[in-house]
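Listing of data06.cif; format and content: mmCIF, C-alpha atoms.
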```cif
data_final
#
loop_
_atom_site.label_atom_id
_atom_site.label_comp_id
_atom_site.auth_asym_id
_atom_site.auth_seq_id
_atom_site.Cartn_x
_atom_site.Cartn_y
_atom_site.Cartn_z
CA MET A 24 0.00 0.00 0.00
CA THR A 25 2.84 2.34 0.90
CA LYS A 26 4.54 1.60 -2.42
CA PHE A 27 1.28 2.37 -4.23
CA LEU A 28 0.92 5.71 -2.46
CA LEU A 29 4.51 6.67 -3.26
CA GLY A 30 3.94 5.70 -6.86
CA ALA A 31 0.76 7.80 -7.03
CA ALA A 32 2.58 10.76 -5.53
CA ALA A 33 5.38 10.42 -8.06
CA ILE A 34 2.88 10.28 -10.92
CA ALA A 35 1.15 13.40 -9.58
CA LEU A 36 4.47 15.24 -9.40
CA MET A 37 5.30 14.16 -12.95
CA ALA A 38 1.88 15.36 -14.15
CA GLY A 39 2.46 18.70 -12.46
CA ALA A 40 5.84 18.99 -14.17
CA VAL A 41 4.20 18.40 -17.55
CA GLN A 42 1.65 21.10 -16.87
CA ALA A 43 4.35 23.62 -15.90
CA GLU A 44 7.10 23.15 -18.46
CA ASP A 45 10.37 25.01 -18.13
CA THR A 46 10.38 28.08 -20.43
CA SER A 47 13.97 29.18 -19.78
CA ASP A 48 14.98 28.28 -23.34
CA LYS A 49 11.95 29.95 -24.98
CA ARG A 50 12.13 33.15 -27.03
CA ILE A 51 9.28 35.68 -27.23
CA ALA A 52 9.00 38.62 -29.65
CA LEU A 53 6.75 41.68 -29.66
CA SER A 54 5.35 42.79 -33.02
CA ASN A 55 4.12 46.38 -32.80
CA ASN A 56 2.64 48.35 -35.69
CA TYR A 57 2.91 51.93 -34.41
CA ALA A 58 4.87 53.95 -31.85
CA GLY A 59 3.88 57.52 -32.65
CA ASN A 60 2.14 58.54 -29.41
CA SER A 61 2.63 58.46 -25.64
CA TRP A 62 0.40 55.40 -25.15
CA ARG A 63 2.44 53.30 -27.54
CA GLN A 64 5.68 54.49 -25.96
CA ALA A 65 4.38 53.53 -22.50
CA MET A 66 3.23 50.20 -23.93
CA LEU A 67 6.72 49.48 -25.26
CA GLN A 68 8.25 50.46 -21.92
CA SER A 69 5.84 48.15 -20.10
CA PHE A 70 6.78 45.23 -22.32
CA GLU A 71 10.51 45.90 -22.17
CA GLY A 72 10.38 46.30 -18.37
CA VAL A 73 8.88 42.86 -17.70
CA ALA A 74 10.75 41.24 -20.58
CA THR A 75 14.17 42.42 -19.42
CA LYS A 76 13.57 41.15 -15.89
CA ALA A 77 12.14 37.84 -17.12
CA VAL A 78 15.28 37.25 -19.20
CA ALA A 79 17.53 38.26 -16.29
CA ASP A 80 15.64 35.89 -13.98
CA GLY A 81 15.95 33.03 -16.45
CA VAL A 82 12.20 32.72 -17.03
CA VAL A 83 12.75 33.02 -20.81
CA ALA A 84 15.85 33.11 -22.98
CA ALA A 85 14.93 36.23 -24.97
CA ALA A 86 12.15 38.79 -25.29
CA ASP A 87 12.68 41.24 -28.14
CA ALA A 88 10.50 44.16 -29.25
CA TYR A 89 10.07 45.21 -32.89
CA THR A 90 8.07 48.16 -34.28
CA THR A 91 7.30 48.77 -37.94
CA SER A 92 8.27 52.12 -39.43
CA GLU A 93 4.81 52.61 -40.92
CA ASN A 94 1.35 51.61 -39.69
CA GLN A 95 0.87 49.21 -42.58
CA ALA A 96 -0.46 45.67 -42.33
CA THR A 97 1.78 44.54 -45.20
CA GLU A 98 4.89 45.73 -43.36
CA GLN A 99 3.81 44.07 -40.11
CA ALA A 100 3.07 40.84 -41.97
CA ALA A 101 6.62 40.88 -43.34
CA GLN A 102 7.89 41.53 -39.81
CA ILE A 103 6.00 38.49 -38.50
CA GLN A 104 7.33 36.32 -41.34
CA ASN A 105 10.85 37.39 -40.35
CA MET A 106 10.12 36.38 -36.74
CA ILE A 107 9.06 32.94 -38.02
CA LEU A 108 12.39 32.60 -39.83
CA GLN A 109 14.23 33.66 -36.66
CA GLY A 110 12.60 30.78 -34.78
CA TYR A 111 10.77 32.58 -31.99
CA ASP A 112 8.58 30.38 -29.81
CA ALA A 113 5.89 33.04 -29.25
CA ILE A 114 4.85 36.33 -30.78
CA VAL A 115 2.82 38.91 -28.89
CA MET A 116 1.39 41.50 -31.23
CA ASN A 117 -0.49 44.78 -31.38
CA SER A 118 -2.05 44.39 -34.78
CA ALA A 119 -2.56 46.99 -37.50
CA SER A 120 -5.71 45.15 -38.60
CA PRO A 121 -8.02 42.47 -37.18
CA THR A 122 -8.08 40.59 -40.49
CA ALA A 123 -5.26 41.71 -42.83
CA LEU A 124 -2.61 39.94 -40.73
CA ASN A 125 -4.50 36.66 -40.37
CA GLY A 126 -2.45 35.02 -43.13
CA ALA A 127 0.86 35.84 -41.44
CA VAL A 128 -0.54 34.78 -38.06
CA LYS A 129 -1.67 31.44 -39.52
CA GLU A 130 1.82 30.92 -40.95
CA ALA A 131 3.26 31.48 -37.48
CA CYS A 132 0.80 29.06 -35.89
CA ASP A 133 1.52 26.43 -38.55
CA ALA A 134 5.23 26.81 -37.67
CA GLY A 135 4.39 25.95 -34.06
CA ILE A 136 4.60 29.51 -32.78
CA THR A 137 2.22 30.77 -30.10
CA VAL A 138 0.58 34.08 -31.13
CA VAL A 139 -1.04 36.37 -28.55
CA SER A 140 -2.67 39.54 -29.86
CA PHE A 141 -3.62 42.43 -27.58
CA ASP A 142 -5.19 45.89 -27.89
CA GLY A 143 -5.34 45.61 -31.69
CA VAL A 144 -6.39 41.96 -31.85
CA VAL A 145 -6.63 39.55 -34.79
CA THR A 146 -9.51 37.27 -35.74
CA GLU A 147 -7.42 34.26 -36.87
CA PRO A 148 -8.76 31.38 -34.70
CA CYS A 149 -5.31 29.98 -33.88
CA ALA A 150 -4.30 33.20 -32.07
CA TRP A 151 -5.14 34.35 -28.56
CA ARG A 152 -6.75 37.75 -27.94
CA ILE A 153 -6.49 40.15 -24.97
CA ALA A 154 -8.71 43.21 -25.18
CA VAL A 155 -11.04 45.54 -23.41
CA ASP A 156 -14.59 46.10 -24.60
CA PHE A 157 -13.79 49.08 -26.80
CA LYS A 158 -17.43 49.59 -27.79
CA GLN A 159 -18.33 49.85 -24.12
CA MET A 160 -15.56 52.40 -23.73
CA GLY A 161 -17.29 54.53 -26.36
CA ARG A 162 -20.76 54.03 -24.89
CA GLU A 163 -19.61 54.98 -21.40
CA GLN A 164 -18.40 58.36 -22.63
CA VAL A 165 -21.86 59.30 -23.84
CA ASP A 166 -23.49 57.82 -20.74
CA TYR A 167 -21.27 60.09 -18.65
CA LEU A 168 -22.08 63.16 -20.75
CA ALA A 169 -25.78 62.41 -20.29
CA THR A 170 -25.37 62.62 -16.51
CA ARG A 171 -23.49 65.90 -16.74
CA ILE A 172 -25.39 67.56 -19.60
CA PRO A 173 -28.94 66.16 -19.35
CA ASP A 174 -30.28 68.68 -21.91
CA GLY A 175 -27.81 67.40 -24.48
CA GLY A 176 -26.36 69.32 -27.41
CA LYS A 177 -23.83 69.03 -30.21
CA LEU A 178 -20.76 66.80 -29.83
CA LEU A 179 -17.40 66.68 -31.56
CA GLU A 180 -15.94 63.21 -32.09
CA ILE A 181 -12.16 62.77 -32.25
CA ARG A 182 -11.25 59.42 -33.74
CA GLY A 183 -7.92 57.54 -33.68
CA LEU A 184 -5.92 55.99 -36.51
CA ALA A 185 -8.08 55.40 -39.56
CA GLY A 186 -8.57 51.75 -40.48
CA VAL A 187 -7.48 50.33 -37.12
CA PHE A 188 -9.80 47.97 -35.24
CA VAL A 189 -9.65 49.97 -31.98
CA ASP A 190 -10.70 53.18 -33.74
CA ASP A 191 -13.65 51.48 -35.42
CA GLU A 192 -14.85 49.83 -32.19
CA ILE A 193 -14.67 52.92 -29.96
CA SER A 194 -16.39 55.03 -32.62
CA ALA A 195 -19.14 52.42 -32.99
CA GLY A 196 -19.70 52.52 -29.23
CA ILE A 197 -19.90 56.31 -29.26
CA HIS A 198 -22.52 56.24 -32.00
CA GLU A 199 -24.48 53.60 -30.08
CA GLY A 200 -24.38 55.92 -27.07
CA VAL A 201 -25.65 58.84 -29.11
CA ALA A 202 -28.48 56.67 -30.45
CA LYS A 203 -29.37 55.78 -26.86
CA HIS A 204 -29.22 59.38 -25.66
CA GLY A 205 -31.15 61.19 -28.37
CA GLN A 206 -30.52 64.62 -26.87
CA PHE A 207 -27.00 64.48 -28.33
CA GLU A 208 -25.90 64.84 -31.93
CA ILE A 209 -22.42 64.47 -33.42
CA ALA A 210 -21.83 67.73 -35.27
CA GLY A 211 -18.39 66.87 -36.58
CA SER A 212 -15.70 64.19 -36.61
CA VAL A 213 -11.95 64.32 -37.15
CA HIS A 214 -9.08 61.84 -36.92
CA GLY A 215 -6.52 62.75 -34.28
CA ASP A 216 -4.35 59.62 -34.65
CA TRP A 217 -4.29 59.26 -30.82
CA ALA A 218 -1.76 62.12 -30.73
CA GLN A 219 -2.16 65.54 -29.09
CA ASP A 220 -0.46 67.56 -31.85
CA VAL A 221 -2.42 65.89 -34.64
CA SER A 222 -5.67 66.30 -32.70
CA GLN A 223 -5.05 69.97 -31.98
CA LYS A 224 -4.47 70.70 -35.66
CA ALA A 225 -7.49 68.65 -36.77
CA VAL A 226 -9.84 70.26 -34.23
CA ALA A 227 -8.56 73.75 -35.07
CA GLY A 228 -9.34 73.05 -38.71
CA ILE A 229 -12.96 72.00 -38.14
CA LEU A 230 -13.95 74.41 -35.35
CA PRO A 231 -14.85 77.39 -37.61
CA SER A 232 -17.56 75.28 -39.27
CA LEU A 233 -19.08 73.94 -36.05
CA PRO A 234 -21.94 75.29 -33.92
CA GLU A 235 -21.66 75.42 -30.13
CA ILE A 236 -20.08 72.19 -28.88
CA VAL A 237 -21.10 70.98 -25.41
CA GLY A 238 -18.97 67.83 -25.31
CA VAL A 239 -16.02 66.12 -26.98
CA VAL A 240 -15.85 62.33 -27.20
CA THR A 241 -12.38 60.94 -27.72
CA GLN A 242 -10.21 57.83 -27.95
CA GLY A 243 -7.10 58.78 -25.96
CA GLY A 244 -4.12 60.99 -26.70
CA ASP A 245 -6.35 63.73 -28.06
CA GLY A 246 -8.06 65.54 -25.15
CA TYR A 247 -5.34 68.07 -24.34
CA GLY A 248 -4.87 68.91 -28.02
CA ALA A 249 -8.63 69.49 -28.32
CA ALA A 250 -8.62 71.76 -25.27
CA GLN A 251 -5.77 73.82 -26.72
CA ALA A 252 -7.63 74.21 -30.01
CA PHE A 253 -10.81 75.42 -28.28
CA LYS A 254 -8.80 77.84 -26.17
CA ALA A 255 -6.90 79.24 -29.18
CA ALA A 256 -10.19 79.74 -31.04
CA GLY A 257 -11.73 81.63 -28.13
CA ARG A 258 -14.54 79.09 -27.90
CA ASP A 259 -16.30 78.05 -24.69
CA MET A 260 -14.54 75.01 -23.23
CA PRO A 261 -16.77 71.93 -23.68
CA LEU A 262 -16.78 68.86 -21.46
CA ILE A 263 -13.92 66.83 -22.93
CA VAL A 264 -13.64 63.13 -22.07
CA LEU A 265 -9.93 62.42 -21.63
CA GLY A 266 -7.69 59.40 -22.25
CA ASN A 267 -5.34 59.08 -19.24
CA ARG A 268 -2.34 60.92 -20.75
CA GLN A 269 -0.25 62.87 -18.25
CA ASP A 270 -0.64 66.21 -20.05
CA GLU A 271 -4.42 65.73 -20.09
CA LEU A 272 -4.53 64.88 -16.39
CA LYS A 273 -2.34 67.88 -15.55
CA TRP A 274 -4.58 70.22 -17.59
CA TRP A 275 -7.65 68.73 -15.90
CA SER A 276 -6.16 69.22 -12.44
CA GLU A 277 -5.20 72.84 -13.18
CA SER A 278 -8.58 73.58 -14.77
CA HIS A 279 -10.38 72.12 -11.76
CA ALA A 280 -8.34 74.32 -9.42
CA ASP A 281 -9.02 77.42 -11.54
CA SER A 282 -12.69 76.98 -12.42
CA GLY A 283 -14.02 73.75 -10.92
CA TYR A 284 -13.83 71.98 -14.31
CA GLU A 285 -14.77 68.30 -13.98
CA THR A 286 -14.67 65.42 -16.41
CA MET A 287 -13.63 61.76 -16.59
CA SER A 288 -10.76 59.90 -18.23
CA LEU A 289 -10.54 56.33 -19.49
CA SER A 290 -8.31 54.13 -21.64
CA ILE A 291 -6.86 50.66 -21.88
CA ALA A 292 -3.72 50.55 -19.71
CA PRO A 293 -0.46 50.31 -21.73
CA GLY A 294 0.59 47.58 -19.30
CA VAL A 295 -1.65 45.20 -21.25
CA ALA A 296 1.56 44.49 -23.21
CA SER A 297 3.14 43.06 -20.06
CA LEU A 298 0.03 40.95 -19.52
CA ALA A 299 0.33 39.62 -23.08
CA PHE A 300 3.94 38.66 -22.40
CA TRP A 301 2.99 36.63 -19.33
CA VAL A 302 0.02 35.02 -21.06
CA ALA A 303 2.37 33.88 -23.84
CA GLN A 304 4.81 32.55 -21.23
CA GLN A 305 2.01 30.65 -19.50
CA ILE A 306 0.91 29.06 -22.79
CA LEU A 307 4.52 28.03 -23.48
CA SER A 308 4.67 26.50 -20.00
CA GLY A 309 1.77 24.20 -20.89
CA GLU A 310 -1.06 26.12 -19.23
CA GLU A 311 -4.49 25.74 -20.86
CA VAL A 312 -5.52 29.29 -21.76
CA PRO A 313 -8.88 30.36 -23.27
CA LYS A 314 -8.53 32.06 -26.64
CA ASP A 315 -10.26 35.26 -25.53
CA LEU A 316 -9.25 37.19 -22.41
CA THR A 317 -10.76 40.47 -21.25
CA VAL A 318 -9.23 43.18 -19.06
CA PRO A 319 -11.06 46.24 -17.72
CA PHE A 320 -10.15 49.69 -19.01
CA LEU A 321 -8.59 52.11 -16.55
CA THR A 322 -11.03 54.86 -15.50
CA ILE A 323 -10.01 58.03 -13.66
CA THR A 324 -12.61 60.16 -11.88
CA GLN A 325 -12.43 63.48 -10.08
CA ASP A 326 -11.90 61.55 -6.83
CA THR A 327 -8.90 59.60 -8.18
CA LEU A 328 -7.40 62.32 -10.39
CA GLU A 329 -4.68 63.62 -8.07
CA GLU A 330 -3.51 60.14 -7.10
CA SER A 331 -3.34 59.09 -10.75
CA LEU A 332 -1.54 62.26 -11.79
CA ALA A 333 1.04 61.84 -9.02
CA THR A 334 1.95 58.35 -10.24
CA THR A 335 2.01 59.13 -13.98
CA PRO A 336 5.42 60.27 -15.33
CA GLU A 337 5.54 63.43 -17.42
CA GLY A 338 4.89 62.64 -21.07
CA SER A 339 3.48 59.20 -20.27
CA VAL A 340 0.11 57.55 -19.57
CA ALA A 341 -1.62 56.32 -16.40
CA ASN A 342 -0.78 52.64 -16.24
CA VAL A 343 -1.25 49.30 -14.53
CA ALA A 344 1.64 46.84 -14.35
CA TYR A 345 0.88 43.12 -14.76
CA GLY A 346 2.98 40.25 -13.44
CA MET A 347 2.85 36.48 -13.82
CA GLU A 348 0.34 36.10 -10.98
CA ASP A 349 -1.94 38.70 -12.61
CA ALA A 350 -1.84 36.70 -15.83
CA LYS A 351 -2.75 33.54 -13.95
CA GLU A 352 -5.72 35.31 -12.37
CA VAL A 353 -6.95 36.65 -15.72
CA ILE A 354 -6.62 33.18 -17.24
CA ALA A 355 -8.42 31.53 -14.33
CA SER A 356 -11.29 34.03 -14.47
CA ALA A 357 -11.83 33.25 -18.16
CA LYS A 358 -12.13 29.49 -17.67
#
```

Encoded form using structure tokens:
Amino acid sequence: MTKFLLGAAAIALMAGAVQAEDTSDKRIALSNNYAGNSWRQAMLQSFEGVATKAVADGVVAAADAYTTSENQATEQAAQIQNMILQGYDAIVMNSASPTALNGAVKEACDAGITVVSFDGVVTEPCAWRIAVDFKQMGREQVDYLATRIPDGGKLLEIRGLAGVFVDDEISAGIHEGVAKHGQFEIAGSVHGDWAQDVSQKAVAGILPSLPEIVGVVTQGGDGYGAAQAFKAAGRDMPLIVLGNRQDELKWWSESHADSGYETMSLSIAPGVASLAFWVAQQILSGEEVPKDLTVPFLTITQDTLEESLATTPEGSVANVAYGMEDAKEVIASAK
């Protein structure tokens, strides 16, 4: 009987070892399609921070980050094909398109490579996806405006990068919110590319043709630029929903101190890249991971503004860091 128990224990230990394979010889790469704003820079820093430590700790053998020079699906597809040739074990990717990269992703999967997409996710079934509900992010902006401006009015919509999944989803949510709250109407729409300077120029260009604007719905990286454009035009400052960038939060804090200005701010945390890294590592270790994982977006209110501003570096974005245990919790909650 004792021999049987020892044998059972040994089998259990062996089964556990199979489920948690050593990943110290595995190589992970980040494929990123765009780095032209503060969110993407913070995202890259988040990935590189956890990746560098994971390599130093011997968790993985390598974790390299690559960014295309242009936001083009064809260029990112070529980048992924190069990663296949280099023999990476996993690719985590922020995709330029939900569908245009599916061919390259399938090639990677067929080569035995684990692919984890995040933020800009892909629809290829062999890949994993980590995202927030971007439509809900758009709807919540209009829901908030309805509580603050119950009589409604004209809105300006600032969109992100044209043709990117995230831009389409947030915009769709905003329009669903406007349909729900009929007192609002979108009077104009511009693309700000998730960048303050681009947004400021785009808003300045459309403002002369717009009636009174009571609110501005955004996607992140555009709120401060919009505020500067309204100020330069001598227009009344509307209620601008912000996107967690440090310059936006600083402007909000100063405006609140000067005039009592209040708003809200929300965005997906750039640290989702670090979560994607750990999810890929867990898959490589033999963990069973559902194909679709969801993380909440990071919301900042008037009550949490000062705390968030104090912990957000100048030129960066409010963030949440994810570790291996966080990844395990996200995976477990999805099962």

> Near Glu130 in chain A, within 8 Å and counting only C-alpha atoms, which residues show up once chain neighbours fewer than 4 positions away are dropped, as number ranges by chain?
Replying inline: A: 104, 126, 134

Ser92 in chain A surroundings by all atoms listed in the file, 9 Å radius, close-in-sequence under 4 positions cut, as a CSV table (one decimal) with C-alpha atoms, in the frame of the given file:
```
chain,number,residue,atom,x,y,z
A,56,ASN,CA,2.6,48.4,-35.7
A,57,TYR,CA,2.9,51.9,-34.4
A,58,ALA,CA,4.9,54.0,-31.8
A,98,GLU,CA,4.9,45.7,-43.4
```

>> I'd like to see the residues matched by the PyMOL selection byres ((chain A and resi 97) around 12) on this file, and ideally I'd get them as a list in words.
In response: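 Checking the PyMOL selection byres ((chain A and resi 97) around 12) against this file, the residues are Asn56, Thr91, Ser92, Glu93, Asn94, Gln95, Ala96, Glu98, Gln99, Ala100, Ala101, Gln102, Ile103, Gln104, Ser118, Ala119, Ser120, Thr122, Ala123, Leu124, Asn125, Gly126 and Ala127 of chain A.
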
>> Give me the residues near Leu332 in chain A as a count of residues only, where near means some atom within 12 Å (using all atoms listed in the file) and where sequence neighbours in that chain fewer than 5 positions away do not count.
In response: 23

>> Once the PyMOL selection byres ((chain A and resi 299-314) around 6) has been evaluated on this model, what residues remain selected, and can you format them as a PyMOL selection string?
In response: chain A and resi 42-44+46+151+296-298+315+347+350

>> Once the PyMOL selection byres ((chain A and resi 192-197) around 7) has been evaluated on this model, what residues remain selected, and can you format them as a PyMOL selection string?
In response: chain A and resi 157-162+165+182+188-191+198-201+242

> So what do you get for CA of Ile136 in chain A versus CA of Tyr111 in chain A, distance-wise?
Replying inline: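 A separation of 6.9 Å between them.
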
>> Using all atoms listed in the file for the distances, tell me which of A:Leu262, A:Ala333, A:Ala292, A:Val187 is nearest to Arg171 in chain A.
In response: A:Leu262

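Proximity to Tyr345 in chain A was assessed for A:Ala202, A:Ala85, A:Ala250, A:Val318 counting all atoms listed in the file; the smallest distance is recorded for A:Val318.
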